[in-house]
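Printed here is query_31.csv (CSV, N, CA and C atoms):
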chain,number,residue,atom,x,y,z
A,206,MET,N,73.4,-19.5,-72.2
A,206,MET,CA,72.6,-18.4,-72.2
A,206,MET,C,71.5,-18.6,-73.3
A,207,VAL,N,71.8,-19.1,-74.4
A,207,VAL,CA,70.8,-19.3,-75.5
A,207,VAL,C,69.7,-20.3,-75.0
A,208,LEU,N,70.1,-21.3,-74.2
A,208,LEU,CA,69.1,-22.2,-73.7
A,208,LEU,C,68.1,-21.6,-72.8
A,209,SER,N,68.6,-20.7,-71.9
A,209,SER,CA,67.7,-20.1,-70.9
A,209,SER,C,66.8,-19.1,-71.6
A,210,HIS,N,67.4,-18.3,-72.6
A,210,HIS,CA,66.5,-17.4,-73.3
A,210,HIS,C,65.5,-18.2,-74.2
A,211,ASN,N,65.9,-19.3,-74.7
A,211,ASN,CA,64.9,-20.1,-75.5
A,211,ASN,C,63.8,-20.6,-74.6
A,212,SER,N,64.1,-20.9,-73.4
A,212,SER,CA,63.1,-21.4,-72.4
A,212,SER,C,62.1,-20.2,-72.1
A,213,PHE,N,62.7,-19.0,-72.0
A,213,PHE,CA,61.8,-17.9,-71.7
A,213,PHE,C,60.8,-17.6,-72.9
A,214,ILE,N,61.3,-17.8,-74.1
A,214,ILE,CA,60.5,-17.6,-75.3
A,214,ILE,C,59.4,-18.7,-75.3
A,215,ARG,N,59.8,-19.9,-75.0
A,215,ARG,CA,58.8,-21.0,-75.0
A,215,ARG,C,57.8,-20.8,-74.0
A,216,GLY,N,58.2,-20.3,-72.8
A,216,GLY,CA,57.3,-20.1,-71.7
A,216,GLY,C,56.3,-19.0,-72.1
A,217,PHE,N,56.8,-17.9,-72.7
A,217,PHE,CA,55.9,-16.8,-73.1
A,217,PHE,C,55.0,-17.3,-74.2
A,218,ASN,N,55.5,-18.1,-75.1
A,218,ASN,CA,54.6,-18.6,-76.2
A,218,ASN,C,53.5,-19.5,-75.6
A,219,SER,N,53.8,-20.3,-74.6
A,219,SER,CA,52.8,-21.2,-74.0
A,219,SER,C,51.7,-20.3,-73.3
A,220,ILE,N,52.1,-19.2,-72.7
A,220,ILE,CA,51.2,-18.3,-72.1
A,220,ILE,C,50.3,-17.7,-73.1
A,221,TYR,N,50.9,-17.2,-74.2
A,221,TYR,CA,50.2,-16.6,-75.3
A,221,TYR,C,49.2,-17.5,-75.9
A,222,GLN,N,49.6,-18.7,-76.2
A,222,GLN,CA,48.8,-19.7,-76.9
A,222,GLN,C,47.6,-20.2,-76.0
A,223,GLN,N,47.8,-20.3,-74.7
A,223,GLN,CA,46.8,-20.9,-73.8
A,223,GLN,C,45.9,-19.9,-73.2
A,224,ALA,N,46.2,-18.6,-73.2
A,224,ALA,CA,45.5,-17.6,-72.5
A,224,ALA,C,44.0,-17.6,-72.8
A,225,LEU,N,43.6,-17.8,-74.0
A,225,LEU,CA,42.2,-17.7,-74.3
A,225,LEU,C,41.5,-19.1,-74.1
A,226,ARG,N,42.3,-20.1,-73.9
A,226,ARG,CA,41.7,-21.5,-73.7
A,226,ARG,C,41.5,-21.9,-72.2
A,227,VAL,N,42.0,-21.1,-71.3
A,227,VAL,CA,41.9,-21.4,-69.9
A,227,VAL,C,40.4,-21.4,-69.4
A,228,GLN,N,40.0,-22.4,-68.8
A,228,GLN,CA,38.6,-22.6,-68.3
A,228,GLN,C,38.5,-22.4,-66.8
A,229,GLY,N,37.4,-21.9,-66.4
A,229,GLY,CA,37.0,-21.7,-65.0
A,229,GLY,C,38.0,-22.0,-63.9
A,230,ALA,N,38.0,-23.2,-63.3
A,230,ALA,CA,38.8,-23.5,-62.1
A,230,ALA,C,40.3,-23.4,-62.4
A,231,ASP,N,40.7,-23.5,-63.7
A,231,ASP,CA,42.1,-23.5,-64.1
A,231,ASP,C,42.7,-22.1,-64.1
A,232,LYS,N,41.9,-21.1,-64.1
A,232,LYS,CA,42.4,-19.7,-64.2
A,232,LYS,C,43.4,-19.4,-63.1
A,233,ALA,N,43.1,-19.7,-61.9
A,233,ALA,CA,44.0,-19.4,-60.8
A,233,ALA,C,45.4,-20.1,-61.0
A,234,TYR,N,45.4,-21.3,-61.5
A,234,TYR,CA,46.6,-22.1,-61.8
A,234,TYR,C,47.4,-21.4,-62.9
A,235,PHE,N,46.6,-20.9,-63.9
A,235,PHE,CA,47.2,-20.3,-65.1
A,235,PHE,C,47.9,-19.0,-64.6
A,236,VAL,N,47.2,-18.2,-63.8
A,236,VAL,CA,47.8,-17.0,-63.3
A,236,VAL,C,49.1,-17.3,-62.5
A,237,GLU,N,49.1,-18.3,-61.7
A,237,GLU,CA,50.3,-18.7,-61.0
A,237,GLU,C,51.4,-19.1,-61.9
A,238,TYR,N,51.1,-19.8,-63.0
A,238,TYR,CA,52.1,-20.1,-64.0
A,238,TYR,C,52.7,-18.9,-64.6
A,239,CYS,N,51.8,-17.9,-65.0
A,239,CYS,CA,52.3,-16.6,-65.6
A,239,CYS,C,53.2,-15.9,-64.6
A,240,ILE,N,52.8,-15.8,-63.3
A,240,ILE,CA,53.6,-15.2,-62.3
A,240,ILE,C,55.0,-15.9,-62.2
A,241,ALA,N,55.0,-17.2,-62.2
A,241,ALA,CA,56.2,-18.0,-62.1
A,241,ALA,C,57.1,-17.7,-63.2
A,242,TRP,N,56.6,-17.6,-64.4
A,242,TRP,CA,57.3,-17.3,-65.6
A,242,TRP,C,58.0,-15.9,-65.5
A,243,ARG,N,57.2,-14.9,-65.1
A,243,ARG,CA,57.6,-13.5,-64.9
A,243,ARG,C,58.8,-13.5,-63.9
A,244,ASP,N,58.6,-14.2,-62.7
A,244,ASP,CA,59.6,-14.2,-61.7
A,244,ASP,C,60.9,-14.8,-62.2
A,245,CYS,N,60.8,-15.8,-63.0
A,245,CYS,CA,62.0,-16.5,-63.5
A,245,CYS,C,62.7,-15.5,-64.5
A,246,VAL,N,62.0,-14.9,-65.3
A,246,VAL,CA,62.7,-13.9,-66.3
A,246,VAL,C,63.3,-12.8,-65.5
A,247,HIS,N,62.6,-12.3,-64.5
A,247,HIS,CA,63.1,-11.2,-63.6
A,247,HIS,C,64.4,-11.6,-62.9
A,248,ALA,N,64.4,-12.8,-62.3
A,248,ALA,CA,65.6,-13.3,-61.6
A,248,ALA,C,66.8,-13.5,-62.6
A,249,HIS,N,66.5,-14.0,-63.8
A,249,HIS,CA,67.6,-14.1,-64.8
A,249,HIS,C,68.2,-12.8,-65.1
A,250,HIS,N,67.3,-11.8,-65.4
A,250,HIS,CA,67.8,-10.5,-65.8
A,250,HIS,C,68.5,-9.8,-64.6
A,251,HIS,N,68.0,-10.0,-63.4
A,251,HIS,CA,68.7,-9.4,-62.2
A,251,HIS,C,70.1,-10.0,-62.1
A,252,TYR,N,70.2,-11.3,-62.3
A,252,TYR,CA,71.5,-12.0,-62.2
A,252,TYR,C,72.5,-11.4,-63.3
A,253,GLU,N,72.0,-11.3,-64.5
A,253,GLU,CA,72.8,-10.7,-65.6
A,253,GLU,C,73.3,-9.3,-65.2
A,254,GLU,N,72.4,-8.5,-64.7
A,254,GLU,CA,72.7,-7.1,-64.5
A,254,GLU,C,73.6,-6.9,-63.2
A,255,ILE,N,73.5,-7.8,-62.2
A,255,ILE,CA,74.2,-7.6,-61.0
A,255,ILE,C,75.5,-8.4,-61.0
A,256,GLU,N,75.6,-9.5,-61.7
A,256,GLU,CA,76.8,-10.4,-61.7
A,256,GLU,C,77.5,-10.5,-63.0
A,257,LEU,N,76.7,-10.9,-64.0
A,257,LEU,CA,77.4,-11.2,-65.3
A,257,LEU,C,77.9,-10.0,-66.0
A,258,PHE,N,77.1,-9.0,-66.3
A,258,PHE,CA,77.5,-7.8,-67.0
A,258,PHE,C,78.6,-7.1,-66.4
A,259,PRO,N,78.6,-6.8,-65.1
A,259,PRO,CA,79.7,-6.1,-64.5
A,259,PRO,C,81.0,-6.9,-64.5
A,260,ASN,N,80.9,-8.3,-64.4
A,260,ASN,CA,82.1,-9.1,-64.5
A,260,ASN,C,82.7,-9.1,-65.9
A,261,ILE,N,81.8,-9.1,-66.9
A,261,ILE,CA,82.3,-9.0,-68.3
A,261,ILE,C,83.0,-7.7,-68.5
A,262,ASP,N,82.4,-6.6,-68.0
A,262,ASP,CA,83.0,-5.3,-68.1
A,262,ASP,C,84.4,-5.3,-67.4
A,263,LYS,N,84.4,-5.8,-66.2
A,263,LYS,CA,85.7,-5.9,-65.5
A,263,LYS,C,86.8,-6.7,-66.2
A,264,ALA,N,86.4,-7.8,-66.7
A,264,ALA,CA,87.3,-8.7,-67.4
A,264,ALA,C,87.9,-8.0,-68.6
A,265,CYS,N,87.1,-7.2,-69.3
A,265,CYS,CA,87.6,-6.5,-70.5
A,265,CYS,C,88.2,-5.1,-70.2
A,266,GLY,N,88.2,-4.8,-68.9
A,266,GLY,CA,88.8,-3.5,-68.5
A,266,GLY,C,88.0,-2.3,-69.0
A,267,ARG,N,86.7,-2.5,-69.1
A,267,ARG,CA,85.8,-1.4,-69.5
A,267,ARG,C,84.7,-1.2,-68.5
A,268,THR,N,84.0,-0.1,-68.7
A,268,THR,CA,82.9,0.2,-67.8
A,268,THR,C,81.5,0.3,-68.6
A,269,ASP,N,81.6,0.3,-69.9
A,269,ASP,CA,80.4,0.5,-70.7
A,269,ASP,C,80.1,-0.6,-71.7
A,270,LEU,N,80.9,-1.6,-71.7
A,270,LEU,CA,80.8,-2.7,-72.8
A,270,LEU,C,79.4,-3.3,-72.8
A,271,MET,N,78.8,-3.6,-71.6
A,271,MET,CA,77.5,-4.2,-71.6
A,271,MET,C,76.4,-3.3,-71.4
A,272,SER,N,76.6,-2.0,-71.5
A,272,SER,CA,75.5,-1.0,-71.3
A,272,SER,C,74.4,-1.2,-72.2
A,273,ALA,N,74.6,-1.6,-73.5
A,273,ALA,CA,73.5,-1.8,-74.4
A,273,ALA,C,72.7,-2.9,-74.0
A,274,ALA,N,73.3,-4.0,-73.5
A,274,ALA,CA,72.5,-5.1,-73.0
A,274,ALA,C,71.6,-4.7,-71.8
A,275,VAL,N,72.1,-3.9,-70.9
A,275,VAL,CA,71.3,-3.4,-69.8
A,275,VAL,C,70.1,-2.6,-70.3
A,276,GLU,N,70.4,-1.7,-71.3
A,276,GLU,CA,69.3,-0.9,-71.9
A,276,GLU,C,68.2,-1.8,-72.5
A,277,GLU,N,68.6,-2.9,-73.1
A,277,GLU,CA,67.7,-3.8,-73.7
A,277,GLU,C,66.7,-4.4,-72.7
A,278,HIS,N,67.2,-4.6,-71.5
A,278,HIS,CA,66.4,-5.1,-70.4
A,278,HIS,C,65.3,-4.1,-69.9
A,279,GLY,N,65.6,-2.8,-70.2
A,279,GLY,CA,64.7,-1.8,-69.8
A,279,GLY,C,64.6,-1.6,-68.3
A,280,THR,N,65.7,-1.9,-67.6
A,280,THR,CA,65.7,-1.6,-66.1
A,280,THR,C,67.0,-0.8,-65.8
A,281,SER,N,67.0,-0.4,-64.6
A,281,SER,CA,68.2,0.3,-64.1
A,281,SER,C,68.8,-0.4,-62.9
A,282,CYS,N,68.5,-1.7,-62.8
A,282,CYS,CA,69.0,-2.5,-61.7
A,282,CYS,C,70.5,-2.6,-61.7
A,283,TYR,N,71.1,-2.5,-62.9
A,283,TYR,CA,72.6,-2.6,-63.0
A,283,TYR,C,73.3,-1.6,-62.2
A,284,THR,N,72.8,-0.4,-62.2
A,284,THR,CA,73.4,0.7,-61.5
A,284,THR,C,72.9,1.0,-60.1
A,285,GLU,N,71.6,0.6,-59.8
A,285,GLU,CA,71.0,0.9,-58.6
A,285,GLU,C,71.0,-0.2,-57.5
A,286,CYS,N,71.2,-1.4,-57.9
A,286,CYS,CA,71.1,-2.5,-56.9
A,286,CYS,C,72.4,-2.8,-56.2

Take the structure in the file and give it back as structure tokens.
Amino acid sequence: MVLSHNSFIRGFNSIYQQALRVQGADKAYFVEYCIAWRDCVHAHHHYEEIELFPNIDKACGRTDLMSAAVEEHGTSCYTEC
């Protein structure tokens, strides 16, 4: 988990660092890169909320153990999907 989150941080940092340096024809490619990063983070959070967090709750015999982690994501996918 730490490795995937580190990758997200590095990806975000690369977007932040390069945003003002992107030139003309490269802008479309840069936007595609940003969208790919966003999609990757979304897919990861979706997996956590749909599979990982409920299974941790179930294994521990609880229903609220991972609720703080879900709140950190800022989504309600855990309960609605």

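The two atoms in question, CA of Ile220 (chain A) and atom N of Ala273 (chain A), are spaced 28.8 Å apart.
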
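Here CA of Leu270 (chain A) stands at a distance of 8.4 Å from CA of Phe258 (chain A).
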
In Å, with one decimal, what is the gap from CA of Leu225 (chain A) to CA of Asp244 (chain A)?
21.8 Å

Which of these residues is nearest to Val246 (chain A), using only N, CA and C atoms: A:Val275, A:Gln222, A:Phe213, A:Lys263?
A:Phe213

From the DSSP assignment of the backbone, select every residue of chain A that is helix (DSSP H, G or I), and format the answer as an MDAnalysis selection string.
chainID A and resid 207:226 229:265 272:278 282:285

From the list A:Ile240, A:Phe235, A:Val227, A:His250, which residue is nearest Glu277 (chain A) when using only C-alpha atoms?
A:His250

Will you model all heavy atoms for region 240-251 of chain A and pass it back as a short mmCIF file (atom, residue, chain, number, x, y, z; two decimals), in the coordinates of the input?
data_model
loop_
_atom_site.label_atom_id
_atom_site.label_comp_id
_atom_site.auth_asym_id
_atom_site.auth_seq_id
_atom_site.Cartn_x
_atom_site.Cartn_y
_atom_site.Cartn_z
N ILE A 240 52.80 -15.80 -63.30
CA ILE A 240 53.60 -15.20 -62.30
C ILE A 240 55.00 -15.90 -62.20
O ILE A 240 56.02 -15.22 -62.06
CB ILE A 240 52.88 -15.04 -60.99
CG1 ILE A 240 51.71 -14.08 -61.14
CG2 ILE A 240 53.83 -14.60 -59.87
CD1 ILE A 240 50.75 -14.07 -59.96
N ALA A 241 55.00 -17.20 -62.20
CA ALA A 241 56.20 -18.00 -62.10
C ALA A 241 57.10 -17.70 -63.20
O ALA A 241 58.35 -17.50 -63.08
CB ALA A 241 55.92 -19.44 -61.96
N TRP A 242 56.60 -17.60 -64.40
CA TRP A 242 57.30 -17.30 -65.60
C TRP A 242 58.00 -15.90 -65.50
O TRP A 242 59.16 -15.67 -65.72
CB TRP A 242 56.47 -17.33 -66.89
CG TRP A 242 57.20 -16.94 -68.13
CD1 TRP A 242 57.99 -17.73 -68.90
CD2 TRP A 242 57.24 -15.63 -68.72
NE1 TRP A 242 58.52 -16.99 -69.95
CE2 TRP A 242 58.07 -15.71 -69.85
CE3 TRP A 242 56.66 -14.41 -68.40
CZ2 TRP A 242 58.32 -14.61 -70.67
CZ3 TRP A 242 56.92 -13.31 -69.22
CH2 TRP A 242 57.75 -13.43 -70.34
N ARG A 243 57.20 -14.90 -65.10
CA ARG A 243 57.60 -13.50 -64.90
C ARG A 243 58.80 -13.50 -63.90
O ARG A 243 59.77 -12.83 -64.05
CB ARG A 243 56.47 -12.63 -64.46
CG ARG A 243 56.75 -11.14 -64.46
CD ARG A 243 56.92 -10.43 -63.13
NE ARG A 243 56.60 -11.12 -61.93
CZ ARG A 243 55.69 -10.73 -61.06
NH1 ARG A 243 54.95 -9.68 -61.29
NH2 ARG A 243 55.53 -11.41 -59.93
N ASP A 244 58.60 -14.20 -62.70
CA ASP A 244 59.60 -14.20 -61.70
C ASP A 244 60.90 -14.80 -62.20
O ASP A 244 61.98 -14.35 -61.83
CB ASP A 244 59.09 -14.96 -60.46
CG ASP A 244 57.99 -14.23 -59.71
OD1 ASP A 244 57.75 -13.03 -59.98
OD2 ASP A 244 57.35 -14.88 -58.85
N CYS A 245 60.80 -15.80 -63.00
CA CYS A 245 62.00 -16.50 -63.50
C CYS A 245 62.70 -15.50 -64.50
O CYS A 245 63.96 -15.43 -64.37
CB CYS A 245 61.55 -17.76 -64.29
SG CYS A 245 62.92 -18.74 -64.90
N VAL A 246 62.00 -14.90 -65.30
CA VAL A 246 62.70 -13.90 -66.30
C VAL A 246 63.30 -12.80 -65.50
O VAL A 246 64.44 -12.37 -65.72
CB VAL A 246 61.67 -13.38 -67.30
CG1 VAL A 246 62.27 -12.23 -68.10
CG2 VAL A 246 61.23 -14.51 -68.23
N HIS A 247 62.60 -12.30 -64.50
CA HIS A 247 63.10 -11.20 -63.60
C HIS A 247 64.40 -11.60 -62.90
O HIS A 247 65.38 -10.89 -62.90
CB HIS A 247 62.08 -10.73 -62.62
CG HIS A 247 62.61 -9.70 -61.69
ND1 HIS A 247 62.81 -8.39 -62.06
CD2 HIS A 247 63.03 -9.78 -60.41
CE1 HIS A 247 63.32 -7.71 -61.04
NE2 HIS A 247 63.46 -8.54 -60.02
N ALA A 248 64.40 -12.80 -62.30
CA ALA A 248 65.60 -13.30 -61.60
C ALA A 248 66.80 -13.50 -62.60
O ALA A 248 67.89 -13.13 -62.21
CB ALA A 248 65.26 -14.65 -60.95
N HIS A 249 66.50 -14.00 -63.80
CA HIS A 249 67.60 -14.10 -64.80
C HIS A 249 68.20 -12.80 -65.10
O HIS A 249 69.38 -12.58 -65.13
CB HIS A 249 67.01 -14.82 -66.00
CG HIS A 249 67.99 -14.91 -67.10
ND1 HIS A 249 68.99 -15.87 -67.14
CD2 HIS A 249 68.15 -14.17 -68.22
CE1 HIS A 249 69.71 -15.72 -68.23
NE2 HIS A 249 69.22 -14.69 -68.91
N HIS A 250 67.30 -11.80 -65.40
CA HIS A 250 67.80 -10.50 -65.80
C HIS A 250 68.50 -9.80 -64.60
O HIS A 250 69.54 -9.14 -64.81
CB HIS A 250 66.66 -9.58 -66.27
CG HIS A 250 66.26 -9.87 -67.67
ND1 HIS A 250 65.25 -9.19 -68.31
CD2 HIS A 250 66.72 -10.78 -68.57
CE1 HIS A 250 65.12 -9.66 -69.54
NE2 HIS A 250 66.00 -10.62 -69.71
N HIS A 251 68.00 -10.00 -63.40
CA HIS A 251 68.70 -9.40 -62.20
C HIS A 251 70.10 -10.00 -62.10
O HIS A 251 71.03 -9.27 -61.88
CB HIS A 251 67.83 -9.76 -60.99
CG HIS A 251 68.39 -9.21 -59.74
ND1 HIS A 251 68.30 -7.88 -59.41
CD2 HIS A 251 69.06 -9.80 -58.72
CE1 HIS A 251 68.89 -7.67 -58.25
NE2 HIS A 251 69.36 -8.82 -57.81
#
